[in-house]
>>> print(open('data_29.txt').read())   # compact mmCIF, C-alpha atoms and all ligand atoms
# COMPACT_ATOMS: atom_id res chain seq x y z
CA MET J 1 2.30 34.49 -3.36
CA ASN J 2 6.03 34.18 -2.96
CA CYS J 3 8.03 31.14 -2.02
CA GLU J 4 8.32 32.14 1.62
CA THR J 5 4.54 32.38 2.04
CA MET J 6 4.10 29.06 0.35
CA LEU J 7 6.61 27.48 2.68
CA GLU J 8 4.97 29.12 5.68
CA ILE J 9 1.57 27.71 4.68
CA SER J 10 2.90 24.26 4.10
CA ARG J 11 4.57 24.19 7.54
CA ARG J 12 1.19 24.13 9.21
CA PRO J 13 0.69 20.83 10.94
CA SER J 14 -2.46 19.62 9.23
CA GLY J 15 -0.83 19.26 5.85
CA VAL J 16 -4.11 20.43 4.37
CA GLU J 17 -2.64 23.66 3.07
CA GLY J 18 0.24 21.65 1.66
CA ALA J 19 -2.26 19.47 -0.08
CA LYS J 20 -3.70 22.59 -1.69
CA ILE J 21 -0.28 23.38 -3.08
CA LEU J 22 -0.05 19.90 -4.41
CA LYS J 23 -3.37 20.32 -6.18
CA ASN J 24 -1.79 23.02 -8.30
CA ASP J 25 0.67 20.51 -9.55
CA PHE J 26 -2.16 18.34 -10.69
CA PHE J 27 -3.80 21.24 -12.51
CA CYS J 28 -7.10 20.18 -11.09
CA LYS J 29 -9.80 21.85 -13.20
CA LYS J 30 -12.25 22.28 -10.33
CA ASN J 31 -9.48 23.67 -8.21
CA HIS J 32 -11.01 26.39 -6.08
CA PHE J 33 -7.67 26.89 -4.40
CA SER J 34 -6.33 28.52 -7.54
CA LYS J 35 -7.58 31.82 -6.16
CA PHE J 36 -5.00 31.56 -3.42
CA LEU J 37 -2.19 29.76 -5.11
CA ARG J 38 -0.28 30.41 -8.23
CA PRO J 39 0.38 27.62 -10.68
CA LEU J 40 3.58 25.73 -10.28
CA GLU J 41 4.78 27.32 -13.52
CA ASP J 42 5.04 30.65 -11.75
CA PHE J 43 7.74 29.33 -9.47
CA PRO J 44 11.42 29.21 -10.42
CA TYR J 45 12.35 26.33 -12.67
CA PHE J 46 14.45 24.55 -10.07
CA ILE J 47 11.50 24.43 -7.63
CA GLN J 48 9.26 23.03 -10.35
CA ALA J 49 11.84 20.40 -11.24
CA LEU J 50 12.26 19.38 -7.64
CA TRP J 51 8.53 19.23 -7.10
CA ARG J 52 8.21 16.93 -10.07
CA LYS J 53 11.25 14.93 -8.96
CA ASP J 54 12.83 15.78 -12.27
CA ILE J 55 16.14 16.14 -10.54
CA SER J 56 18.21 13.81 -12.63
CA LYS J 57 18.46 16.32 -15.45
CA PRO J 58 21.97 17.88 -15.53
CA SER J 59 20.46 21.33 -16.03
CA PHE J 60 18.67 20.98 -12.70
CA LYS J 61 21.85 20.06 -10.88
CA ARG J 62 23.68 23.07 -12.37
CA THR J 63 20.88 25.45 -11.42
CA PHE J 64 20.57 24.00 -7.95
CA LYS J 65 24.27 24.50 -7.18
CA LYS J 66 24.07 28.19 -8.09
CA LYS J 67 21.18 28.89 -5.70
CA SER J 68 21.58 30.51 -2.31
CA ALA J 69 21.54 28.30 0.78
CA LYS J 70 18.12 29.74 1.64
CA SER J 71 16.65 28.76 -1.71
CA ARG J 72 18.19 25.33 -1.57
CA ASN J 73 16.77 24.80 1.86
CA PHE J 74 13.36 25.90 0.63
CA ALA J 75 13.59 23.42 -2.21
CA ARG J 76 14.45 20.59 0.15
CA GLN J 77 11.50 21.52 2.33
CA MET J 78 9.27 21.33 -0.71
CA LEU J 79 10.28 17.74 -1.31
CA ILE J 80 9.48 16.76 2.27
CA ILE J 81 6.15 18.55 2.03
CA LYS J 82 5.32 16.82 -1.20
CA THR J 83 5.97 13.40 0.30
CA LYS J 84 3.82 14.26 3.32
CA CYS J 85 1.05 15.71 1.19
CA LEU J 86 0.94 12.67 -1.05
CA LYS J 87 0.65 10.47 2.00
CA ASN J 88 -2.04 12.64 3.63
CA MET J 89 -4.12 12.68 0.48
CA SER J 90 -3.84 9.03 -0.39
CA GLN J 91 -6.06 6.19 0.66
CA LYS J 92 -4.59 3.93 3.33
CA ILE J 93 -5.36 0.24 3.53
CA VAL J 94 -5.61 -2.12 6.49
CA ALA J 95 -6.31 -5.75 5.61
CA GLY J 96 -6.92 -8.46 8.17
CA ASN J 97 -5.76 -11.94 7.24
CA TRP J 98 -7.75 -14.38 9.36
CA LYS J 99 -5.85 -17.39 7.97
CA MET J 100 -7.29 -20.77 9.07
CA ASN J 101 -9.01 -19.45 12.18
CA LYS J 102 -12.60 -19.22 13.45
CA THR J 103 -15.67 -21.37 13.05
CA ALA J 104 -18.58 -20.06 10.98
CA PRO J 105 -20.46 -18.47 13.94
CA GLU J 106 -17.25 -16.87 15.24
CA ALA J 107 -16.39 -15.52 11.81
CA LEU J 108 -19.85 -14.03 11.29
CA LEU J 109 -19.74 -12.43 14.72
CA LEU J 110 -16.43 -10.75 13.99
CA ALA J 111 -17.66 -9.57 10.58
CA LYS J 112 -20.78 -8.12 12.25
CA GLU J 113 -18.68 -6.35 14.86
CA MET J 114 -16.58 -4.80 12.11
CA ALA J 115 -19.65 -3.78 10.10
CA GLN J 116 -20.94 -1.87 13.15
CA GLN J 117 -17.79 0.25 13.51
CA THR J 118 -17.44 3.83 12.38
CA LEU J 119 -14.43 3.60 10.14
CA PRO J 120 -12.12 6.47 9.12
CA SER J 121 -13.04 7.63 5.63
CA ASP J 122 -9.44 7.63 4.38
CA VAL J 123 -8.81 3.98 5.28
CA THR J 124 -9.96 1.03 3.18
CA VAL J 125 -10.54 -1.94 5.49
CA ILE J 126 -10.40 -5.46 4.08
CA LEU J 127 -11.27 -8.74 5.81
CA ALA J 128 -9.56 -11.76 4.25
CA THR J 129 -11.68 -14.54 5.71
CA PRO J 130 -11.67 -18.30 5.12
CA ALA J 131 -13.19 -18.92 1.68
CA LEU J 132 -15.96 -21.09 3.08
CA TYR J 133 -17.55 -18.09 4.81
CA LEU J 134 -17.02 -15.48 2.11
CA GLN J 135 -20.51 -15.48 0.70
CA ASN J 136 -22.16 -15.00 4.10
CA ILE J 137 -19.61 -12.46 5.23
CA ARG J 138 -20.08 -10.51 2.03
CA GLN J 139 -23.78 -10.27 2.93
CA VAL J 140 -23.01 -9.16 6.49
CA LEU J 141 -20.77 -6.36 5.21
CA GLY J 142 -23.43 -5.30 2.70
CA ASP J 143 -22.65 -1.98 1.06
CA LYS J 144 -20.85 -0.47 4.01
CA LYS J 145 -18.43 2.04 2.55
CA GLY J 146 -14.76 1.31 3.02
CA LEU J 147 -15.21 -2.23 4.33
CA TYR J 148 -14.58 -5.17 1.97
CA ALA J 149 -14.18 -8.93 2.04
CA ALA J 150 -11.21 -10.72 0.49
CA ALA J 151 -10.18 -14.28 -0.27
CA GLN J 152 -6.84 -15.51 1.06
CA ASN J 153 -5.85 -17.21 -2.18
CA CYS J 154 -7.06 -18.36 -5.58
CA HIS J 155 -5.77 -21.04 -7.94
CA HIS J 156 -3.44 -20.11 -10.80
CA GLU J 157 -5.58 -21.88 -13.41
CA SER J 158 -8.94 -20.47 -14.34
CA ARG J 159 -10.94 -23.71 -13.86
CA GLY J 160 -10.80 -27.50 -14.12
CA ALA J 161 -9.80 -30.65 -12.26
CA PHE J 162 -8.11 -29.14 -9.22
CA THR J 163 -9.84 -30.81 -6.30
CA GLY J 164 -10.27 -28.58 -3.29
CA GLU J 165 -9.19 -25.39 -5.05
CA ILE J 166 -10.98 -22.09 -5.59
CA SER J 167 -10.80 -19.98 -8.75
CA ALA J 168 -10.74 -16.23 -9.25
CA GLU J 169 -14.06 -16.52 -11.09
CA MET J 170 -15.70 -18.31 -8.13
CA ILE J 171 -14.56 -15.57 -5.78
CA GLN J 172 -15.86 -12.94 -8.14
CA SER J 173 -19.20 -14.75 -8.41
CA VAL J 174 -19.87 -14.12 -4.71
CA ASP J 175 -19.12 -10.44 -5.23
CA VAL J 176 -15.71 -10.38 -3.56
CA GLN J 177 -13.13 -8.15 -5.24
CA TYR J 178 -9.93 -8.51 -3.25
CA VAL J 179 -7.68 -11.59 -3.15
CA ILE J 180 -4.42 -12.12 -1.26
CA ILE J 181 -1.88 -13.92 -3.43
CA GLY J 182 1.65 -15.15 -2.87
CA HIS J 183 1.43 -15.14 0.92
CA SER J 184 4.66 -16.60 2.33
CA GLU J 185 2.70 -19.45 3.92
CA ARG J 186 1.39 -20.41 0.44
CA ARG J 187 4.85 -20.04 -1.05
CA GLU J 188 6.41 -22.19 1.67
CA TYR J 189 3.83 -24.89 2.49
CA PHE J 190 2.19 -25.15 -0.94
CA LYS J 191 5.31 -24.53 -3.01
CA GLU J 192 3.90 -21.59 -4.92
CA ASN J 193 6.48 -19.82 -7.04
CA ASN J 194 6.69 -16.42 -8.71
CA ALA J 195 5.49 -17.79 -12.08
CA MET J 196 2.32 -19.23 -10.51
CA ILE J 197 1.70 -16.00 -8.64
CA ALA J 198 2.15 -14.01 -11.86
CA LYS J 199 -0.61 -16.17 -13.41
CA LYS J 200 -2.91 -15.46 -10.48
CA VAL J 201 -2.30 -11.73 -10.91
CA ASP J 202 -3.36 -12.00 -14.54
CA LEU J 203 -6.49 -14.03 -13.78
CA LEU J 204 -7.59 -11.53 -11.15
CA LEU J 205 -6.91 -8.46 -13.25
CA ALA J 206 -8.74 -10.00 -16.20
CA LYS J 207 -11.80 -10.16 -13.94
CA GLU J 208 -11.30 -6.57 -12.73
CA MET J 209 -10.42 -7.88 -9.27
CA LYS J 210 -7.75 -6.49 -6.93
CA PRO J 211 -4.72 -8.62 -6.03
CA ILE J 212 -2.95 -8.09 -2.71
CA PHE J 213 0.48 -9.32 -3.76
CA CYS J 214 2.64 -10.55 -0.87
CA CYS J 215 6.42 -10.61 -0.87
CA GLY J 216 9.11 -10.89 1.76
CA GLU J 217 12.37 -12.58 2.69
CA ALA J 218 13.26 -15.31 5.18
CA LEU J 219 15.75 -14.58 7.98
CA PRO J 220 18.85 -16.18 6.38
CA ILE J 221 18.38 -13.97 3.31
CA ARG J 222 18.24 -10.85 5.46
CA GLU J 223 21.24 -11.97 7.48
CA LYS J 224 23.23 -12.27 4.25
CA GLY J 225 22.13 -8.74 3.31
CA LYS J 226 20.37 -10.02 0.18
CA HIS J 227 16.82 -9.03 1.16
CA VAL J 228 16.40 -6.05 -1.17
CA LYS J 229 17.54 -8.06 -4.19
CA TYR J 230 15.40 -11.06 -3.22
CA VAL J 231 12.16 -9.17 -2.67
CA SER J 232 12.74 -6.94 -5.70
CA ASN J 233 13.04 -10.13 -7.72
CA GLN J 234 9.73 -11.44 -6.35
CA ILE J 235 8.13 -8.19 -7.52
CA LYS J 236 9.85 -8.29 -10.92
CA GLU J 237 8.88 -11.90 -11.61
CA GLY J 238 5.38 -11.60 -10.18
CA LEU J 239 4.35 -8.19 -11.48
CA PHE J 240 6.65 -6.63 -14.03
CA HIS J 241 4.96 -8.25 -17.00
CA LEU J 242 2.04 -5.89 -16.32
CA GLY J 243 1.49 -2.70 -18.26
CA HIS J 244 1.11 0.72 -16.61
CA ALA J 245 -2.68 0.53 -16.43
CA ASP J 246 -2.65 -2.85 -14.66
CA ILE J 247 0.17 -2.43 -12.16
CA LYS J 248 -1.78 0.50 -10.65
CA LYS J 249 -4.52 -1.93 -9.58
CA VAL J 250 -2.17 -4.11 -7.52
CA ILE J 251 -1.65 -3.67 -3.77
CA ILE J 252 1.74 -4.87 -2.55
CA ALA J 253 2.23 -6.27 0.96
CA TYR J 254 5.81 -6.52 2.17
CA GLU J 255 5.95 -9.17 4.88
CA PRO J 256 9.35 -10.27 6.16
CA ILE J 257 8.85 -13.98 6.90
CA TRP J 258 10.86 -13.77 10.13
CA ALA J 259 8.29 -11.29 11.45
CA ILE J 260 5.12 -13.22 10.57
CA GLY J 261 3.40 -14.66 13.62
CA THR J 262 6.65 -14.51 15.59
CA GLY J 263 6.09 -11.32 17.59
CA LEU J 264 9.34 -10.06 16.00
CA THR J 265 8.27 -6.95 14.12
CA ALA J 266 10.60 -5.25 11.67
CA THR J 267 11.62 -1.94 13.22
CA PRO J 268 9.92 1.05 11.62
CA GLU J 269 13.30 1.92 10.06
CA GLN J 270 13.78 -1.58 8.60
CA ALA J 271 10.26 -1.55 7.19
CA GLN J 272 10.60 1.99 5.82
CA ASP J 273 13.98 1.20 4.19
CA MET J 274 12.51 -1.81 2.45
CA HIS J 275 9.36 0.01 1.28
CA LEU J 276 11.52 2.81 -0.09
CA GLU J 277 13.71 0.31 -1.96
CA LEU J 278 10.66 -1.44 -3.43
CA ARG J 279 9.22 1.89 -4.52
CA LYS J 280 12.54 2.65 -6.22
CA VAL J 281 12.37 -0.59 -8.18
CA ILE J 282 8.82 0.28 -9.26
CA ARG J 283 9.87 3.85 -10.07
CA LYS J 284 12.64 2.63 -12.34
CA LYS J 285 10.24 0.48 -14.34
CA TYR J 286 6.98 2.46 -14.23
CA GLY J 287 7.94 6.07 -13.40
CA ASN J 288 7.15 8.52 -10.62
CA GLU J 289 3.38 8.66 -10.76
CA ILE J 290 2.88 4.93 -10.39
CA ALA J 291 5.66 4.53 -7.82
CA ASP J 292 4.27 7.33 -5.66
CA ASN J 293 0.72 6.04 -5.80
CA ILE J 294 1.05 2.27 -5.60
CA ARG J 295 0.01 1.07 -2.14
CA ILE J 296 2.66 -0.85 -0.20
CA LEU J 297 1.45 -2.42 3.05
CA TYR J 298 3.61 -3.77 5.85
CA GLY J 299 2.83 -7.13 7.45
CA GLY J 300 4.46 -9.20 10.17
CA SER J 301 3.48 -8.94 13.85
CA CYS J 302 1.91 -5.54 13.29
CA ASN J 303 -0.39 -4.95 16.27
CA ALA J 304 -2.33 -2.36 18.24
CA SER J 305 0.82 -1.14 20.02
CA ASN J 306 3.24 -0.82 17.12
CA ALA J 307 0.94 0.12 14.21
CA LYS J 308 1.22 3.88 14.84
CA THR J 309 4.99 4.04 14.48
CA LEU J 310 4.97 1.73 11.48
CA PHE J 311 2.19 3.65 9.70
CA ALA J 312 3.95 6.96 10.37
CA GLN J 313 6.73 5.97 7.97
CA PRO J 314 6.45 7.90 4.70
CA ASP J 315 6.49 4.82 2.46
CA ILE J 316 4.18 2.58 4.49
CA ASP J 317 0.59 2.88 3.25
CA GLY J 318 -1.05 0.50 5.70
CA GLY J 319 -0.83 -3.04 6.97
CA LEU J 320 -1.64 -6.68 6.37
CA ILE J 321 -2.51 -7.95 9.81
CA GLY J 322 -2.70 -11.59 10.89
CA GLY J 323 -3.11 -12.42 14.59
CA ALA J 324 -4.15 -8.92 15.63
CA SER J 325 -7.04 -8.88 13.15
CA LEU J 326 -8.89 -11.65 14.98
CA LYS J 327 -10.29 -9.35 17.67
CA ALA J 328 -12.40 -6.38 16.59
CA ALA J 329 -11.04 -4.07 19.31
CA ASP J 330 -7.38 -4.66 18.40
CA PHE J 331 -8.04 -4.47 14.69
CA CYS J 332 -9.94 -1.19 15.11
CA THR J 333 -7.06 0.31 17.08
CA ILE J 334 -4.79 -0.58 14.15
CA ILE J 335 -7.24 0.89 11.62
CA ASN J 336 -7.23 4.14 13.62
CA SER J 337 -3.44 4.31 13.84
CA PHE J 338 -2.79 6.72 10.95
P1 LIG U 1 0.89 -11.70 11.71
O1 LIG U 1 0.60 -12.23 10.22
O2 LIG U 1 0.35 -10.30 11.79
O3 LIG U 1 0.18 -12.66 12.60
O4 LIG U 1 2.37 -11.72 11.90
C1 LIG U 1 0.68 -11.37 9.12
C2 LIG U 1 0.39 -12.12 7.85
O5 LIG U 1 0.79 -13.29 7.73
O6 LIG U 1 -0.23 -11.61 6.93
>>> encode(input="data_29.txt", output="structure tokens")
Amino acid sequence: MNCETMLEISRRPSGVEGAKILKNDFFCKKNHFSKFLRPLEDFPYFIQALWRKDISKPSFKRTFKKKSAKSRNFARQMLIIKTKCLKNMSQKIVAGNWKMNKTAPEALLLAKEMAQQTLPSDVTVILATPALYLQNIRQVLGDKKGLYAAAQNCHHESRGAFTGEISAEMIQSVDVQYVIIGHSERREYFKENNAMIAKKVDLLLAKEMKPIFCCGEALPIREKGKHVKYVSNQIKEGLFHLGHADIKKVIIAYEPIWAIGTGLTATPEQAQDMHLELRKVIRKKYGNEIADNIRILYGGSCNASNAKTLFAQPDIDGGLIGGASLKAADFCTIINSF
């Protein structure tokens, strides 16, 4: 197969054929597509380098310049295809954050409604319910594939005299794996800082649980143009002590504070720009594989009408949804917005 055929295949709208090409890159042993596709090694070096995003090497830049316009264009197309393929193949996540809403009967009803839905297989759905109901809700969800309960917080110490608080271990003991940490409401009203959130990350990972790490800037920070630096710093201080194996287990939720509960959503472009920047920060520290695969969710007035355009952005892997997660119908529309 020559480059032109490969490009032709990957132009097809489903992205499925593109995904087959991508499989070659992964040298998947069980790869039955290998009959149709040649290994990446068979393609010119500059295509391989581009595919692997190895473009910083000076030799690549020299080679690239010497190529014909047609070849260069092909190479650029490959990059776009790769981004799309990665997104098509990866698991998306939609988490509902119920905050301090709903009585026990209302909460159980909503959990039951969600458990009755047919959910898309490529979306992981998470319900972050008030802690008081977690055990019952966990039972309602049972073993339904792709639907999980989460806590909205845990304490940064493992146990002890912290009246009213809930530990990672307690959450784990009712068979709940996901925990939101560092939500801006916790940071603001309960004075949680990056160091405390870093401790929570460690406690959760030590128990093989999955942190949903929230970050985001307030309006004055954005107005001063300091938002990228500010949020990158939250990520650095909260997560960058982790090794490669652990950072992979973290889900990041970017939630601009000015968009939370205000009806003011970040535009898809603002959200995409920020997600791209955060991925860059992660790429610099942990490399391409981790940066491309870490899940970054958007949160802040995401709803049934705007989810589609937000989720269509290449670096947005799903959403953390507050108000719009409180009604099954709205939440399901969001879940089906990919
Ligand atoms: P919102 O909340 O969707 O109501 O803006 C999002 C969140 O706080 O997680």
>>> residues_near_ligand(input="data_29.txt", ligand="ligand LIG 1 (chain U)", cutoff="6 Å", atoms="all atoms listed in the file", output="ChimeraX atom specification")
/J:97,259-261,299-302,320-323
>>> atom_distance(input="data_29.txt", atom1="atom CA of J:Lys99", atom2="atom CA of J:Gly182")
13.4 Å
>>> residues_near_point(input="data_29.txt", point="(1.1, 6.1, 2.6)", cutoff="8 Å", atoms="only C-alpha atoms", output="mmCIF file with C-alpha atoms, in the frame of the given file")
data_model
loop_
_atom_site.group_PDB
_atom_site.id
_atom_site.type_symbol
_atom_site.label_atom_id
_atom_site.label_comp_id
_atom_site.auth_asym_id
_atom_site.auth_seq_id
_atom_site.Cartn_x
_atom_site.Cartn_y
_atom_site.Cartn_z
ATOM 1 C CA LEU J 86 0.940 12.670 -1.050
ATOM 2 C CA LYS J 87 0.650 10.470 2.000
ATOM 3 C CA ASN J 88 -2.040 12.640 3.630
ATOM 4 C CA SER J 90 -3.840 9.030 -0.390
ATOM 5 C CA GLN J 91 -6.060 6.190 0.660
ATOM 6 C CA LYS J 92 -4.590 3.930 3.330
ATOM 7 C CA ARG J 295 0.010 1.070 -2.140
ATOM 8 C CA ILE J 296 2.660 -0.850 -0.200
ATOM 9 C CA PHE J 311 2.190 3.650 9.700
ATOM 10 C CA GLN J 313 6.730 5.970 7.970
ATOM 11 C CA PRO J 314 6.450 7.900 4.700
ATOM 12 C CA ASP J 315 6.490 4.820 2.460
ATOM 13 C CA ILE J 316 4.180 2.580 4.490
ATOM 14 C CA ASP J 317 0.590 2.880 3.250
ATOM 15 C CA GLY J 318 -1.050 0.500 5.700
#
>>> axis_aligned_box(input="data_29.txt", around="stretch 261-267 of chain J", padding_each_side="3 Å", output="JSON")
{"center_x": 7.5, "center_y": -8.3, "center_z": 14.6, "size_x": 14.2, "size_y": 18.7, "size_z": 11.9}
>>> atom_distance(input="data_29.txt", atom1="atom CA of J:Val123", atom2="atom CA of J:Val201")
23.5 Å
>>> decode(input="data_29.txt", residues="stretch 88-101 of chain J", atoms="N, CA and C atoms", output="PDB file, in the first residue's frame")
ATOM      1  N   ASN J  88     -10.986   8.877  18.678  1.00  0.00           N
ATOM      2  CA  ASN J  88     -12.037   7.887  18.392  1.00  0.00           C
ATOM      3  C   ASN J  88     -11.856   6.613  19.194  1.00  0.00           C
ATOM      4  N   MET J  89     -10.589   6.241  19.374  1.00  0.00           N
ATOM      5  CA  MET J  89     -10.324   4.957  20.018  1.00  0.00           C
ATOM      6  C   MET J  89     -10.378   5.037  21.532  1.00  0.00           C
ATOM      7  N   SER J  90     -10.267   6.255  22.059  1.00  0.00           N
ATOM      8  CA  SER J  90     -10.095   6.334  23.509  1.00  0.00           C
ATOM      9  C   SER J  90     -11.438   6.381  24.228  1.00  0.00           C
ATOM     10  N   GLN J  91     -11.383   6.024  25.478  1.00  0.00           N
ATOM     11  CA  GLN J  91     -12.582   6.035  26.308  1.00  0.00           C
ATOM     12  C   GLN J  91     -12.910   7.471  26.709  1.00  0.00           C
ATOM     13  N   LYS J  92     -14.158   7.848  26.562  1.00  0.00           N
ATOM     14  CA  LYS J  92     -14.580   9.183  27.011  1.00  0.00           C
ATOM     15  C   LYS J  92     -15.192   9.048  28.396  1.00  0.00           C
ATOM     16  N   ILE J  93     -15.257  10.158  29.102  1.00  0.00           N
ATOM     17  CA  ILE J  93     -15.789  10.112  30.465  1.00  0.00           C
ATOM     18  C   ILE J  93     -16.782  11.254  30.658  1.00  0.00           C
ATOM     19  N   VAL J  94     -17.952  10.927  31.196  1.00  0.00           N
ATOM     20  CA  VAL J  94     -18.877  11.984  31.618  1.00  0.00           C
ATOM     21  C   VAL J  94     -19.209  11.730  33.089  1.00  0.00           C
ATOM     22  N   ALA J  95     -18.850  12.688  33.931  1.00  0.00           N
ATOM     23  CA  ALA J  95     -19.106  12.541  35.372  1.00  0.00           C
ATOM     24  C   ALA J  95     -20.117  13.593  35.802  1.00  0.00           C
ATOM     25  N   GLY J  96     -21.107  13.160  36.550  1.00  0.00           N
ATOM     26  CA  GLY J  96     -22.099  14.097  37.088  1.00  0.00           C
ATOM     27  C   GLY J  96     -21.735  14.427  38.527  1.00  0.00           C
ATOM     28  N   ASN J  97     -21.685  15.700  38.842  1.00  0.00           N
ATOM     29  CA  ASN J  97     -21.371  16.127  40.206  1.00  0.00           C
ATOM     30  C   ASN J  97     -22.655  16.680  40.823  1.00  0.00           C
ATOM     31  N   TRP J  98     -23.278  15.869  41.667  1.00  0.00           N
ATOM     32  CA  TRP J  98     -24.587  16.262  42.222  1.00  0.00           C
ATOM     33  C   TRP J  98     -24.463  17.328  43.312  1.00  0.00           C
ATOM     34  N   LYS J  99     -23.275  17.546  43.788  1.00  0.00           N
ATOM     35  CA  LYS J  99     -23.021  18.532  44.861  1.00  0.00           C
ATOM     36  C   LYS J  99     -23.969  18.272  46.046  1.00  0.00           C
ATOM     37  N   MET J 100     -24.428  19.339  46.732  1.00  0.00           N
ATOM     38  CA  MET J 100     -25.271  19.124  47.918  1.00  0.00           C
ATOM     39  C   MET J 100     -26.748  19.245  47.504  1.00  0.00           C
ATOM     40  N   ASN J 101     -27.154  18.327  46.631  1.00  0.00           N
ATOM     41  CA  ASN J 101     -28.531  18.335  46.141  1.00  0.00           C
ATOM     42  C   ASN J 101     -29.150  16.959  46.324  1.00  0.00           C
TER      43      ASN J 101
END
